[in-house]
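Data block for upload-v7.cif (mmCIF, C-alpha atoms and all ligand atoms):
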data_model
#
loop_
_atom_site.label_atom_id
_atom_site.label_comp_id
_atom_site.auth_asym_id
_atom_site.auth_seq_id
_atom_site.Cartn_x
_atom_site.Cartn_y
_atom_site.Cartn_z
CA MET M 24 -40.56 -1.17 20.98
CA THR M 25 -36.94 -0.12 20.63
CA PRO M 26 -35.33 -0.85 17.28
CA ARG M 27 -33.05 -3.84 17.33
CA PRO M 28 -29.42 -3.14 16.42
CA ASN M 29 -29.40 -5.37 13.39
CA ALA M 30 -33.07 -5.72 12.56
CA PRO M 31 -33.57 -7.59 9.32
CA LEU M 32 -34.37 -5.65 6.20
CA LEU M 33 -36.99 -7.14 3.95
CA PRO M 34 -34.96 -9.60 1.92
CA THR M 35 -34.87 -8.94 -1.80
CA ALA M 36 -34.61 -11.78 -4.24
CA TRP M 37 -30.83 -11.67 -4.25
CA ALA M 38 -30.31 -11.04 -0.56
CA THR M 39 -31.96 -14.11 0.87
CA ILE M 40 -29.07 -16.55 0.75
CA GLY M 41 -25.37 -16.61 0.09
CA PRO M 42 -22.77 -17.58 -0.65
CA PHE M 43 -21.67 -14.14 0.44
CA PHE M 44 -18.37 -13.88 -1.36
CA PRO M 45 -16.11 -11.84 0.88
CA GLN M 46 -15.23 -8.52 -0.66
CA THR M 47 -11.80 -8.87 0.92
CA PHE M 48 -11.05 -11.56 -1.66
CA PHE M 49 -10.96 -8.81 -4.25
CA ARG M 50 -8.32 -6.11 -4.23
CA ASP M 51 -7.54 -3.22 -6.54
CA GLY M 52 -5.46 -4.47 -9.44
CA ASP M 53 -6.71 -8.06 -9.34
CA ASN M 54 -8.67 -7.25 -12.51
CA ASP M 55 -5.57 -5.98 -14.33
CA LEU M 56 -4.02 -8.78 -16.40
CA THR M 57 -1.27 -6.48 -17.65
CA ARG M 58 0.48 -6.51 -14.25
CA LEU M 59 2.04 -9.43 -12.35
CA THR M 60 1.24 -7.80 -9.02
CA PRO M 61 -0.95 -4.79 -8.24
CA ASP M 62 2.10 -2.50 -8.07
CA ALA M 63 4.14 -4.01 -10.93
CA PRO M 64 4.61 -2.04 -14.17
CA PRO M 65 2.28 -3.01 -17.03
CA THR M 66 3.62 -5.40 -19.63
CA ALA M 67 5.44 -3.79 -22.54
CA GLN M 68 3.97 -6.23 -25.06
CA GLY M 69 0.69 -5.85 -26.90
CA ALA M 70 -2.08 -3.28 -27.15
CA PRO M 71 -3.87 -2.46 -23.87
CA MET M 72 -7.65 -2.79 -23.80
CA TRP M 73 -10.56 -2.91 -21.39
CA LEU M 74 -13.25 -5.55 -21.25
CA THR M 75 -16.36 -4.30 -19.47
CA GLY M 76 -19.98 -5.26 -19.18
CA ARG M 77 -22.75 -6.18 -16.85
CA VAL M 78 -23.80 -9.53 -15.43
CA LEU M 79 -27.61 -9.71 -15.58
CA GLN M 80 -30.08 -12.24 -14.25
CA GLU M 81 -33.58 -13.23 -15.32
CA GLY M 82 -35.70 -10.12 -15.68
CA GLY M 83 -32.65 -8.07 -16.67
CA GLY M 84 -31.71 -7.03 -13.14
CA PRO M 85 -28.07 -6.84 -12.10
CA CYS M 86 -26.24 -9.83 -10.69
CA VAL M 87 -24.45 -8.14 -7.80
CA ASN M 88 -21.62 -9.63 -5.78
CA ALA M 89 -20.62 -12.01 -8.58
CA VAL M 90 -16.98 -12.91 -9.19
CA LEU M 91 -15.60 -13.09 -12.73
CA GLU M 92 -12.30 -14.73 -13.56
CA ALA M 93 -10.56 -14.15 -16.88
CA TRP M 94 -7.97 -16.36 -18.57
CA GLN M 95 -6.45 -15.52 -21.96
CA ALA M 96 -3.35 -15.74 -24.14
CA ASP M 97 -0.79 -12.96 -24.29
CA ALA M 98 -0.61 -10.57 -27.23
CA ALA M 99 1.24 -13.17 -29.32
CA GLY M 100 -1.27 -15.94 -28.56
CA ARG M 101 0.91 -17.82 -26.06
CA PHE M 102 0.36 -19.13 -22.53
CA ARG M 103 2.98 -19.42 -19.82
CA HIS M 104 2.10 -23.06 -19.25
CA PRO M 105 3.90 -26.25 -20.36
CA ARG M 106 0.91 -27.31 -22.47
CA ASP M 107 1.75 -24.46 -24.83
CA PRO M 108 4.62 -25.60 -27.10
CA ASP M 109 5.96 -22.03 -27.15
CA TRP M 110 5.48 -21.36 -23.43
CA ARG M 111 9.09 -20.29 -22.95
CA LEU M 112 8.44 -17.42 -25.36
CA ALA M 113 5.33 -16.25 -23.48
CA ASP M 114 5.26 -12.64 -22.27
CA PRO M 115 7.07 -12.63 -18.88
CA GLY M 116 5.29 -9.43 -17.84
CA PHE M 117 1.73 -10.58 -18.52
CA HIS M 118 -0.47 -12.19 -15.88
CA PHE M 119 -2.90 -14.13 -18.14
CA TRP M 120 -5.41 -14.36 -15.24
CA GLY M 121 -7.50 -11.76 -13.43
CA ARG M 122 -10.47 -11.51 -11.09
CA ALA M 123 -13.20 -8.88 -11.13
CA TRP M 124 -16.20 -8.20 -8.98
CA THR M 125 -19.64 -6.93 -10.01
CA ASP M 126 -20.89 -3.73 -8.39
CA ALA M 127 -24.45 -2.74 -7.45
CA GLU M 128 -25.31 -2.37 -11.15
CA GLY M 129 -23.75 -5.72 -12.02
CA ARG M 130 -20.82 -4.01 -13.77
CA PHE M 131 -17.37 -5.52 -14.12
CA ALA M 132 -14.14 -4.39 -15.78
CA PHE M 133 -10.88 -6.05 -16.75
CA ARG M 134 -7.78 -4.28 -18.01
CA THR M 135 -5.74 -6.49 -20.31
CA VAL M 136 -4.08 -6.60 -23.73
CA ILE M 137 -5.73 -7.66 -26.97
CA PRO M 138 -5.11 -11.42 -26.95
CA GLY M 139 -3.38 -13.04 -29.88
CA GLY M 140 -5.03 -15.84 -31.82
CA TYR M 141 -3.18 -19.11 -32.20
CA ARG M 142 -3.23 -22.33 -34.16
CA ASP M 143 -4.54 -25.24 -32.10
CA ALA M 144 -4.87 -28.92 -33.04
CA ALA M 145 -8.64 -28.31 -33.09
CA GLY M 146 -8.35 -25.37 -35.48
CA PRO M 147 -7.32 -21.72 -35.58
CA ARG M 148 -8.43 -19.82 -32.49
CA ALA M 149 -9.59 -16.24 -32.91
CA PRO M 150 -8.54 -13.76 -30.19
CA HIS M 151 -10.66 -14.53 -27.14
CA ILE M 152 -10.92 -14.28 -23.36
CA ASN M 153 -12.34 -17.15 -21.31
CA LEU M 154 -14.53 -16.10 -18.41
CA ALA M 155 -15.75 -18.03 -15.39
CA ILE M 156 -18.66 -16.59 -13.38
CA ILE M 157 -19.18 -17.51 -9.75
CA GLY M 158 -21.92 -16.22 -7.50
CA SER M 159 -24.86 -16.97 -5.25
CA GLY M 160 -27.25 -19.37 -6.95
CA ILE M 161 -24.68 -20.44 -9.54
CA MET M 162 -23.67 -23.85 -8.28
CA GLY M 163 -20.00 -24.12 -9.10
CA ARG M 164 -19.40 -21.76 -12.00
CA LEU M 165 -20.52 -20.76 -15.49
CA ALA M 166 -17.94 -20.80 -18.29
CA THR M 167 -18.02 -18.76 -21.46
CA THR M 168 -15.72 -17.14 -24.01
CA VAL M 169 -15.69 -13.52 -25.16
CA PHE M 170 -14.54 -12.58 -28.68
CA LEU M 171 -13.57 -9.12 -29.94
CA PRO M 172 -14.97 -7.16 -32.86
CA GLY M 173 -12.85 -6.74 -35.98
CA PHE M 174 -11.84 -10.40 -36.37
CA ALA M 175 -14.73 -11.64 -38.54
CA GLU M 176 -12.55 -13.91 -40.69
CA ALA M 177 -11.03 -15.54 -37.61
CA HIS M 178 -14.47 -15.92 -36.01
CA ALA M 179 -15.72 -17.78 -39.08
CA VAL M 180 -13.21 -20.59 -38.49
CA ASP M 181 -12.90 -20.58 -34.68
CA PRO M 182 -13.71 -24.13 -33.43
CA VAL M 183 -15.30 -22.93 -30.18
CA LEU M 184 -17.62 -20.42 -31.86
CA ALA M 185 -18.47 -23.23 -34.28
CA ALA M 186 -19.92 -25.20 -31.34
CA LEU M 187 -22.77 -22.67 -31.21
CA PRO M 188 -25.74 -22.29 -33.55
CA ALA M 189 -24.92 -19.41 -35.92
CA ALA M 190 -27.69 -17.23 -34.48
CA LEU M 191 -26.10 -17.30 -31.01
CA ARG M 192 -22.51 -16.52 -32.04
CA PRO M 193 -22.93 -12.72 -32.00
CA LEU M 194 -23.89 -12.97 -28.30
CA LEU M 195 -20.26 -13.74 -27.50
CA VAL M 196 -18.72 -10.91 -29.55
CA ALA M 197 -18.10 -7.74 -27.53
CA ALA M 198 -18.87 -4.33 -29.02
CA GLU M 199 -16.58 -1.31 -29.38
CA ASP M 200 -17.36 1.02 -26.51
CA GLY M 201 -15.08 4.04 -26.72
CA ALA M 202 -12.04 4.23 -24.50
CA GLY M 203 -11.22 3.50 -20.86
CA PRO M 204 -9.85 6.06 -18.37
CA ASP M 205 -6.31 5.56 -19.72
CA GLY M 206 -7.35 6.01 -23.36
CA ALA M 207 -7.11 2.28 -24.20
CA PRO M 208 -10.00 0.98 -26.31
CA ARG M 209 -12.89 -0.50 -24.41
CA PHE M 210 -14.98 -3.47 -25.49
CA ALA M 211 -18.30 -4.20 -23.80
CA LEU M 212 -20.40 -7.32 -23.49
CA ASP M 213 -23.34 -7.95 -21.18
CA LEU M 214 -23.72 -11.47 -19.84
CA LEU M 215 -27.35 -12.47 -19.41
CA LEU M 216 -27.34 -15.57 -17.20
CA ARG M 217 -30.97 -16.41 -17.90
CA GLY M 218 -33.66 -14.84 -20.03
CA ASP M 219 -34.95 -14.47 -23.56
CA PRO M 220 -33.39 -17.43 -25.44
CA ALA M 221 -32.39 -15.08 -28.25
CA ARG M 222 -30.34 -13.01 -25.78
CA GLU M 223 -29.29 -15.45 -23.06
CA THR M 224 -25.50 -15.82 -23.04
CA PRO M 225 -24.33 -19.21 -24.30
CA PHE M 226 -22.25 -21.12 -21.76
CA PHE M 227 -19.95 -24.09 -22.25
CA GLU M 228 -19.43 -27.44 -20.58
CA ASP M 229 -15.98 -28.14 -19.33
CA MET V 12 4.56 -29.09 -9.66
CA MET V 13 2.15 -31.62 -11.12
CA ILE V 14 0.77 -30.27 -14.38
CA PRO V 15 -2.64 -31.68 -15.29
CA ASP V 16 -2.66 -33.61 -18.55
CA ARG V 17 -6.03 -35.34 -18.49
CA PHE V 18 -9.55 -34.16 -17.68
CA ASP V 19 -12.27 -36.76 -17.35
CA PRO V 20 -15.78 -35.58 -18.14
CA VAL V 21 -17.81 -34.53 -15.13
CA ASP V 22 -20.35 -37.15 -13.95
CA PRO V 23 -23.82 -35.51 -14.01
CA ALA V 24 -24.90 -37.46 -10.88
CA THR V 25 -22.31 -35.47 -8.92
CA GLN V 26 -23.68 -32.11 -10.12
CA PRO V 27 -26.39 -30.22 -8.22
CA VAL V 28 -29.85 -30.11 -9.78
CA VAL V 29 -31.26 -26.57 -9.96
CA PRO V 30 -33.44 -24.69 -9.19
CA ILE V 31 -33.49 -25.32 -5.45
CA PRO V 32 -36.78 -24.45 -3.67
CA GLY V 33 -36.42 -21.38 -1.43
CA TYR V 34 -33.20 -20.31 -3.15
CA PRO V 35 -34.36 -17.66 -5.67
CA ASN V 36 -30.92 -17.04 -7.15
CA THR V 37 -30.88 -20.61 -8.46
CA VAL V 38 -33.99 -19.70 -10.49
CA THR V 39 -32.84 -16.37 -11.89
CA ARG V 40 -29.15 -17.07 -12.47
CA ASN V 41 -29.01 -20.48 -14.08
CA PRO V 42 -29.18 -20.65 -17.88
CA SER V 43 -32.34 -22.06 -19.40
CA ARG V 44 -30.26 -23.81 -22.07
CA PRO V 45 -27.93 -26.69 -21.26
CA PRO V 46 -24.28 -25.73 -21.73
CA PHE V 47 -22.76 -26.28 -25.16
CA ARG V 48 -20.04 -28.86 -25.56
CA ARG V 49 -16.85 -27.36 -26.98
CA VAL V 50 -13.56 -28.82 -28.11
CA LEU V 51 -10.89 -28.25 -25.51
CA THR V 52 -8.16 -26.03 -26.91
CA ARG V 53 -5.07 -24.57 -25.30
CA THR V 54 -7.04 -21.87 -23.49
CA GLU V 55 -9.10 -24.49 -21.67
CA LEU V 56 -6.22 -26.93 -21.07
CA THR V 57 -3.90 -24.35 -19.57
CA GLY V 58 -4.45 -22.31 -16.45
CA PRO V 59 -2.70 -20.22 -13.85
CA LEU V 60 0.26 -22.05 -12.28
CA ASP V 61 1.17 -19.36 -9.77
CA LEU V 62 -1.38 -16.88 -8.51
CA SER V 63 0.50 -15.81 -5.40
CA GLY V 64 1.32 -12.40 -6.91
CA LYS V 65 -2.37 -11.56 -7.07
CA LEU V 66 -4.04 -13.86 -4.55
CA ARG V 67 -1.61 -13.71 -1.65
CA PRO V 68 -1.75 -16.77 0.59
CA GLY V 69 -0.75 -16.69 4.25
CA ASP V 70 -4.09 -16.08 5.91
CA ASP V 71 -4.87 -19.49 7.38
CA ASN V 72 -5.96 -18.54 10.90
CA LEU V 73 -9.46 -17.11 11.00
CA ALA V 74 -9.84 -17.65 14.75
CA VAL V 75 -7.27 -15.02 15.72
CA LEU V 76 -8.07 -11.62 14.23
CA ALA V 77 -5.09 -9.95 15.92
CA PRO V 78 -2.95 -10.74 18.97
CA GLY V 79 -5.33 -11.01 21.92
CA ARG V 80 -8.46 -10.89 19.75
CA MET V 81 -9.88 -14.38 19.45
CA ALA V 82 -13.17 -15.18 17.76
CA GLN V 83 -16.09 -16.59 19.77
CA GLY V 84 -16.88 -20.22 19.20
CA GLN V 85 -15.50 -23.74 19.14
CA LEU V 86 -11.92 -23.67 17.89
CA ILE V 87 -11.40 -26.09 15.02
CA HIS V 88 -8.63 -27.16 12.68
CA VAL V 89 -9.53 -28.22 9.13
CA GLY V 90 -6.84 -30.03 7.21
CA GLY V 91 -6.89 -31.99 3.98
CA ARG V 92 -5.44 -32.48 0.56
CA VAL V 93 -6.21 -31.09 -2.87
CA LEU V 94 -6.33 -34.04 -5.31
CA ASP V 95 -6.78 -34.56 -9.03
CA GLU V 96 -9.06 -37.14 -10.61
CA ASP V 97 -6.51 -39.91 -10.13
CA GLY V 98 -5.99 -39.12 -6.47
CA ARG V 99 -2.65 -37.45 -7.08
CA PRO V 100 -1.86 -34.45 -4.89
CA VAL V 101 -2.24 -31.02 -6.47
CA ALA V 102 0.53 -28.75 -5.23
CA GLY V 103 0.37 -24.97 -5.23
CA ALA V 104 -3.43 -24.72 -5.46
CA ILE V 105 -4.94 -21.59 -3.94
CA VAL V 106 -7.56 -22.57 -1.35
CA GLU V 107 -9.93 -19.80 -0.24
CA LEU V 108 -12.44 -20.25 2.53
CA TRP V 109 -15.25 -18.20 4.04
CA GLN V 110 -17.90 -18.87 6.62
CA ALA V 111 -20.46 -17.51 9.08
CA ASN V 112 -19.52 -16.79 12.69
CA ALA V 113 -20.47 -19.02 15.61
CA GLY V 114 -23.92 -17.36 15.66
CA GLY V 115 -24.55 -18.21 12.02
CA ARG V 116 -24.04 -14.70 10.62
CA TYR V 117 -21.68 -13.57 7.88
CA PHE V 118 -19.55 -10.47 8.23
CA HIS V 119 -20.89 -9.15 4.94
CA PRO V 120 -23.12 -6.17 4.06
CA ILE V 121 -25.57 -8.46 2.25
CA ASP V 122 -26.17 -10.56 5.38
CA THR V 123 -28.63 -8.44 7.35
CA ARG V 124 -30.24 -11.15 9.46
CA ASP V 125 -30.87 -10.51 13.14
CA ALA V 126 -28.09 -12.69 14.54
CA PRO V 127 -25.07 -11.52 16.54
CA LEU V 128 -21.99 -10.15 14.84
CA ASP V 129 -18.64 -11.06 16.40
CA PRO V 130 -16.26 -8.06 16.35
CA ASP V 131 -13.33 -10.48 16.39
CA PHE V 132 -14.39 -12.61 13.44
CA ILE V 133 -14.27 -11.69 9.76
CA GLY V 134 -14.47 -15.26 8.53
CA ASN V 135 -12.39 -15.58 5.42
CA GLY V 136 -8.92 -16.89 4.66
CA ARG V 137 -6.59 -17.99 1.91
CA THR V 138 -3.78 -20.52 1.79
CA ARG V 139 -1.89 -22.62 -0.74
CA SER V 140 -1.51 -26.40 -0.92
CA ASP V 141 2.02 -27.64 -0.24
CA SER V 142 4.11 -30.05 -2.33
CA ALA V 143 2.03 -32.99 -1.04
CA GLY V 144 -1.23 -31.18 -1.84
CA ARG V 145 -1.93 -30.48 1.85
CA PHE V 146 -3.74 -27.42 3.14
CA ALA V 147 -4.97 -26.44 6.62
CA PHE V 148 -6.95 -23.72 8.37
CA PHE V 149 -7.50 -22.75 11.99
CA THR V 150 -10.96 -21.32 12.52
CA ILE V 151 -14.13 -21.65 14.59
CA LYS V 152 -17.09 -23.88 13.91
CA PRO V 153 -19.71 -21.81 12.06
CA GLY V 154 -23.28 -21.68 13.35
CA ALA V 155 -26.32 -22.88 11.45
CA TYR V 156 -28.56 -20.20 10.02
CA PRO V 157 -32.15 -19.97 8.79
CA VAL V 158 -32.73 -19.05 5.15
CA PRO V 159 -35.20 -16.14 4.99
CA ASN V 160 -38.49 -16.73 3.14
CA SER V 161 -37.69 -20.36 2.51
CA GLY V 162 -40.26 -22.19 4.61
CA ARG V 163 -38.21 -23.11 7.69
CA TRP V 164 -35.05 -24.19 5.89
CA TRP V 165 -31.90 -23.97 7.99
CA ARG V 166 -28.45 -24.21 6.52
CA PRO V 167 -26.35 -26.65 8.56
CA PRO V 168 -22.96 -25.42 9.74
CA HIS V 169 -20.81 -25.25 6.61
CA ILE V 170 -17.65 -23.65 5.25
CA HIS V 171 -17.53 -22.26 1.71
CA ILE V 172 -14.37 -23.31 -0.13
CA SER V 173 -12.92 -22.12 -3.44
CA VAL V 174 -9.96 -23.87 -5.08
CA LEU V 175 -7.90 -22.62 -8.02
CA GLY V 176 -5.89 -25.55 -9.33
CA PRO V 177 -3.20 -25.41 -12.02
CA GLY V 178 -5.65 -25.47 -14.93
CA SER V 179 -8.84 -23.71 -15.96
CA LEU V 180 -10.65 -27.04 -15.71
CA MET V 181 -9.52 -27.52 -12.11
CA ARG V 182 -11.60 -24.74 -10.58
CA LEU V 183 -13.84 -25.81 -7.71
CA VAL V 184 -16.31 -23.83 -5.60
CA THR V 185 -17.95 -25.98 -2.95
CA GLN V 186 -19.09 -26.24 0.67
CA MET V 187 -17.80 -28.40 3.51
CA TYR V 188 -20.27 -29.81 6.03
CA PHE V 189 -19.65 -31.21 9.52
CA PRO V 190 -20.22 -34.89 10.31
CA GLY V 191 -23.24 -35.84 12.38
CA ASP V 192 -25.23 -32.63 12.12
CA PRO V 193 -28.97 -33.39 11.95
CA LEU V 194 -29.48 -30.53 9.49
CA ASN V 195 -27.21 -32.17 6.89
CA ALA V 196 -29.83 -34.74 5.88
CA ILE V 197 -32.42 -32.04 5.15
CA ASP V 198 -30.19 -29.36 3.60
CA ARG V 199 -31.63 -28.51 0.20
CA ILE V 200 -28.27 -27.55 -1.24
CA LEU V 201 -26.52 -30.77 -0.21
CA ASN V 202 -29.55 -32.79 -1.34
CA SER V 203 -29.48 -31.13 -4.77
CA VAL V 204 -26.64 -33.54 -5.60
CA PRO V 205 -28.29 -36.79 -6.79
CA ASP V 206 -25.45 -39.19 -5.98
CA ALA V 207 -25.22 -40.17 -2.29
CA ALA V 208 -21.51 -40.97 -2.49
CA ALA V 209 -20.87 -37.55 -3.99
CA ARG V 210 -22.87 -35.90 -1.19
CA ALA V 211 -20.79 -37.80 1.36
CA ARG V 212 -17.66 -36.25 -0.14
CA CYS V 213 -18.93 -32.83 0.99
CA ILE V 214 -18.94 -33.90 4.66
CA ALA V 215 -15.70 -33.58 6.60
CA GLY V 216 -14.17 -36.38 8.65
CA PHE V 217 -13.79 -36.11 12.41
CA VAL V 218 -10.26 -36.46 13.75
CA SER V 219 -9.78 -38.22 17.08
CA PRO V 220 -8.60 -35.73 19.73
CA GLU V 221 -5.60 -37.99 20.31
CA ALA V 222 -4.48 -37.25 16.77
CA VAL V 223 -4.74 -33.46 17.09
CA GLU V 224 -1.95 -31.33 18.52
CA GLY V 225 -3.11 -28.34 20.52
CA ASP V 226 -6.55 -27.42 21.74
CA TRP V 227 -8.45 -27.51 18.47
CA GLN V 228 -11.15 -29.90 17.42
CA GLY V 229 -9.85 -31.59 14.29
CA PHE V 230 -11.58 -32.18 10.97
CA THR V 231 -10.19 -33.56 7.76
CA HIS V 232 -11.47 -32.75 4.31
CA ASP V 233 -10.05 -33.66 0.90
CA LEU V 234 -10.96 -31.64 -2.19
CA VAL V 235 -11.03 -33.57 -5.48
CA LEU V 236 -10.95 -31.14 -8.38
CA ARG V 237 -12.15 -33.36 -11.20
CA GLY V 238 -13.20 -36.79 -12.39
CA ARG V 239 -15.28 -39.68 -11.07
CA HIS V 240 -14.53 -38.83 -7.44
CA ALA V 241 -14.80 -35.07 -7.80
CA THR V 242 -16.10 -33.01 -4.91
CA PRO V 243 -19.49 -31.66 -6.04
CA PRO V 244 -19.65 -27.92 -6.81
CA LEU V 245 -22.01 -26.16 -4.40
FE FE N 301 -23.27 -20.08 3.64
#

For the structure just supplied, provide its representation as structure tokens.
Amino acid sequence: MTPRPNAPLLPTAWATIGPFFPQTFFRDGDNDLTRLTPDAPPTAQGAPMWLTGRVLQEGGGPCVNAVLEAWQADAAGRFRHPRDPDWRLADPGFHFWGRAWTDAEGRFAFRTVIPGGYRDAAGPRAPHINLAIIGSGIMGRLATTVFLPGFAEAHAVDPVLAALPAALRPLLVAAEDGAGPDGAPRFALDLLLRGDPARETPFFED
Amino acid sequence: MMIPDRFDPVDPATQPVVPIPGYPNTVTRNPSRPPFRRVLTRTELTGPLDLSGKLRPGDDNLAVLAPGRMAQGQLIHVGGRVLDEDGRPVAGAIVELWQANAGGRYFHPIDTRDAPLDPDFIGNGRTRSDSAGRFAFFTIKPGAYPVPNSGRWWRPPHIHISVLGPGSLMRLVTQMYFPGDPLNAIDRILNSVPDAAARARCIAGFVSPEAVEGDWQGFTHDLVLRGRHATPPL
């Protein structure tokens, strides 16, 4: 029997059904919040940083072909959006939003600036980055928030962290992880979509 | 541009129930804990108003890969509006779309099923809703495909759609089905949505040929980003 040109491989658990997010939706630079377009200069405001990690599924295996979308304030804690009272002062060179893609090991990376905290009607927000995760088997999306190390006092009063049982709060605080290729500090957090309840990433309704 | 100022809670009857039999990723990738309720602060209530610097629109014809290179299959036109929970048009939303070819196969390294690839069909596009919230794509009707290791489950023809509205809470990832397909009634993904009216909102409308200009079969599909009449996320 002659081999067929596109004979099926034995499907693995993740390969059996889409959605097969097109890799053409993701281009170099989409994960860089410091630039308005892939070839624009980086913003002059704030301290650059990297947010990296892995997206893991039950059993600890990598969640490949997942899309992550980041949304955060600029270095001064402002958004370029009319619902921010100071939106006219927001950093004109910052993009606030970025999209990353997980590789074969489930790894993702965003380049951004350390977000500023801000005072909200609901309470003082610690520096944070909101993430949405989209991928096969995740109907719609999963929403969570990543905090940065070194802001313990702000974490203690953040109204979103307060929505979690105290034991789960550390699961949303990234760890120092050296420096990225450009020397900017790197913070790492793995996102476990399902698993040991003591380690499973907390997600939020929206 | 309309800036969202109100976000009704999502009705659970419009949300898919997981896991779905034969769909292993719904078992391994959905949290075991229900999501935590949080107060909505500025980060949640704001969102990207203009993504065209990063997600460039202008790719709304999937049927023509290049001049003289047309995809195989039934040519279709899908048009509709992006709406908020009050039925108001959402302008400037990024609408992304991807689908299988006419033989039911994706142009994607993960799709290794033994179905024909079409050298003239990639199957993904991106556009932006206009000031009246309207969007449109020219493409071909995707084929149905069997889900491996699922016990004879076939996905009906469907188009995957992703919408980025002007707010973090107006982010929709869903699928559009075609009216009248016998596989719709037995699709496990569509049937994971408990509410029948919500399921019906995932099925496109057929447009009378008299109302379509040019030689395309016409379908209409509105995308409601939030609220009581929201399009279910799939
Ligand atoms: Fe599909």

For Pro193 in chain M, work out the shell of residues within 12 Å, counting all atoms listed in the file and skipping chain neighbours fewer than 3 positions away, then give it as a ChimeraX atom specification. /M:168-172,175,178-179,184-185,187-190,196-198,212-213,221-225

Distance limit 7 Å, atoms considered: only C-alpha atoms. Which chain V residues sit that close to chain M? Return them as JSON, numbers by chain. {"V": [27, 34, 35, 36, 37, 39, 40, 41, 42, 43, 46, 47, 48, 49, 50, 52, 53, 54, 57, 59, 64, 65, 119, 121, 123, 124, 125, 135, 158, 159, 180, 183, 184, 185, 244, 245]}

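Using all atoms listed in the file, the smallest distance between any of V:Ala207, V:Val38, V:Ala215, V:Val75 and Phe230 in chain V comes from V:Ala215.
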
Near-ligand residues for ligand FE 301 (chain N), threshold 10 Å, all atoms listed in the file, as a PyMOL selection string: (chain M and resi 40-44+159) or (chain V and resi 109-111+115-117+153-156+158+166-171+186-187)

Residue subset to file, keeping C-alpha atoms, as a compact mmCIF listing (two decimals), in the frame of the given file:
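For reference, selection-v8.txt as written:
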# COMPACT_ATOMS: atom_id res chain seq x y z
CA ILE M 40 -29.07 -16.55 0.75
CA GLY M 41 -25.37 -16.61 0.09
CA PRO M 42 -22.77 -17.58 -0.65
CA PHE M 43 -21.67 -14.14 0.44
CA PHE M 44 -18.37 -13.88 -1.36
CA SER M 159 -24.86 -16.97 -5.25
CA TRP V 109 -15.25 -18.20 4.04
CA GLN V 110 -17.90 -18.87 6.62
CA ALA V 111 -20.46 -17.51 9.08
CA GLY V 115 -24.55 -18.21 12.02
CA ARG V 116 -24.04 -14.70 10.62
CA TYR V 117 -21.68 -13.57 7.88
CA PRO V 153 -19.71 -21.81 12.06
CA GLY V 154 -23.28 -21.68 13.35
CA ALA V 155 -26.32 -22.88 11.45
CA TYR V 156 -28.56 -20.20 10.02
CA VAL V 158 -32.73 -19.05 5.15
CA ARG V 166 -28.45 -24.21 6.52
CA PRO V 167 -26.35 -26.65 8.56
CA PRO V 168 -22.96 -25.42 9.74
CA HIS V 169 -20.81 -25.25 6.61
CA ILE V 170 -17.65 -23.65 5.25
CA HIS V 171 -17.53 -22.26 1.71
CA GLN V 186 -19.09 -26.24 0.67
CA MET V 187 -17.80 -28.40 3.51

Work out how far apart CA of Ala67 in chain M and CA of Phe117 in chain M are and give it in Å to one decimal.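 The value is 8.7 Å.
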
Could you check which residues have any atom within 6 Å of (-18.2, -19.9, 14.3), counting only C-alpha atoms with coordinates taken straight from the file, and then list them as a PyMOL selection string? chain V and resi 84+112-113+151-154

Excluding same-chain residues fewer than 3 positions from range 69-75 of chain M, what lies within 8 Å of it counting only C-alpha atoms, as a compact mmCIF listing (two decimals) with C-alpha atoms, keeping the file's coordinate frame?
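Result file follows (selection_18.txt):
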# COMPACT_ATOMS: atom_id res chain seq x y z
CA THR M 57 -1.27 -6.48 -17.65
CA THR M 66 3.62 -5.40 -19.63
CA ASP M 97 -0.79 -12.96 -24.29
CA ALA M 98 -0.61 -10.57 -27.23
CA ALA M 99 1.24 -13.17 -29.32
CA ARG M 130 -20.82 -4.01 -13.77
CA PHE M 131 -17.37 -5.52 -14.12
CA ALA M 132 -14.14 -4.39 -15.78
CA PHE M 133 -10.88 -6.05 -16.75
CA ARG M 134 -7.78 -4.28 -18.01
CA THR M 135 -5.74 -6.49 -20.31
CA VAL M 136 -4.08 -6.60 -23.73
CA ILE M 137 -5.73 -7.66 -26.97
CA ALA M 202 -12.04 4.23 -24.50
CA GLY M 203 -11.22 3.50 -20.86
CA ALA M 207 -7.11 2.28 -24.20
CA PRO M 208 -10.00 0.98 -26.31
CA ARG M 209 -12.89 -0.50 -24.41
CA PHE M 210 -14.98 -3.47 -25.49
CA ALA M 211 -18.30 -4.20 -23.80
CA LEU M 212 -20.40 -7.32 -23.49
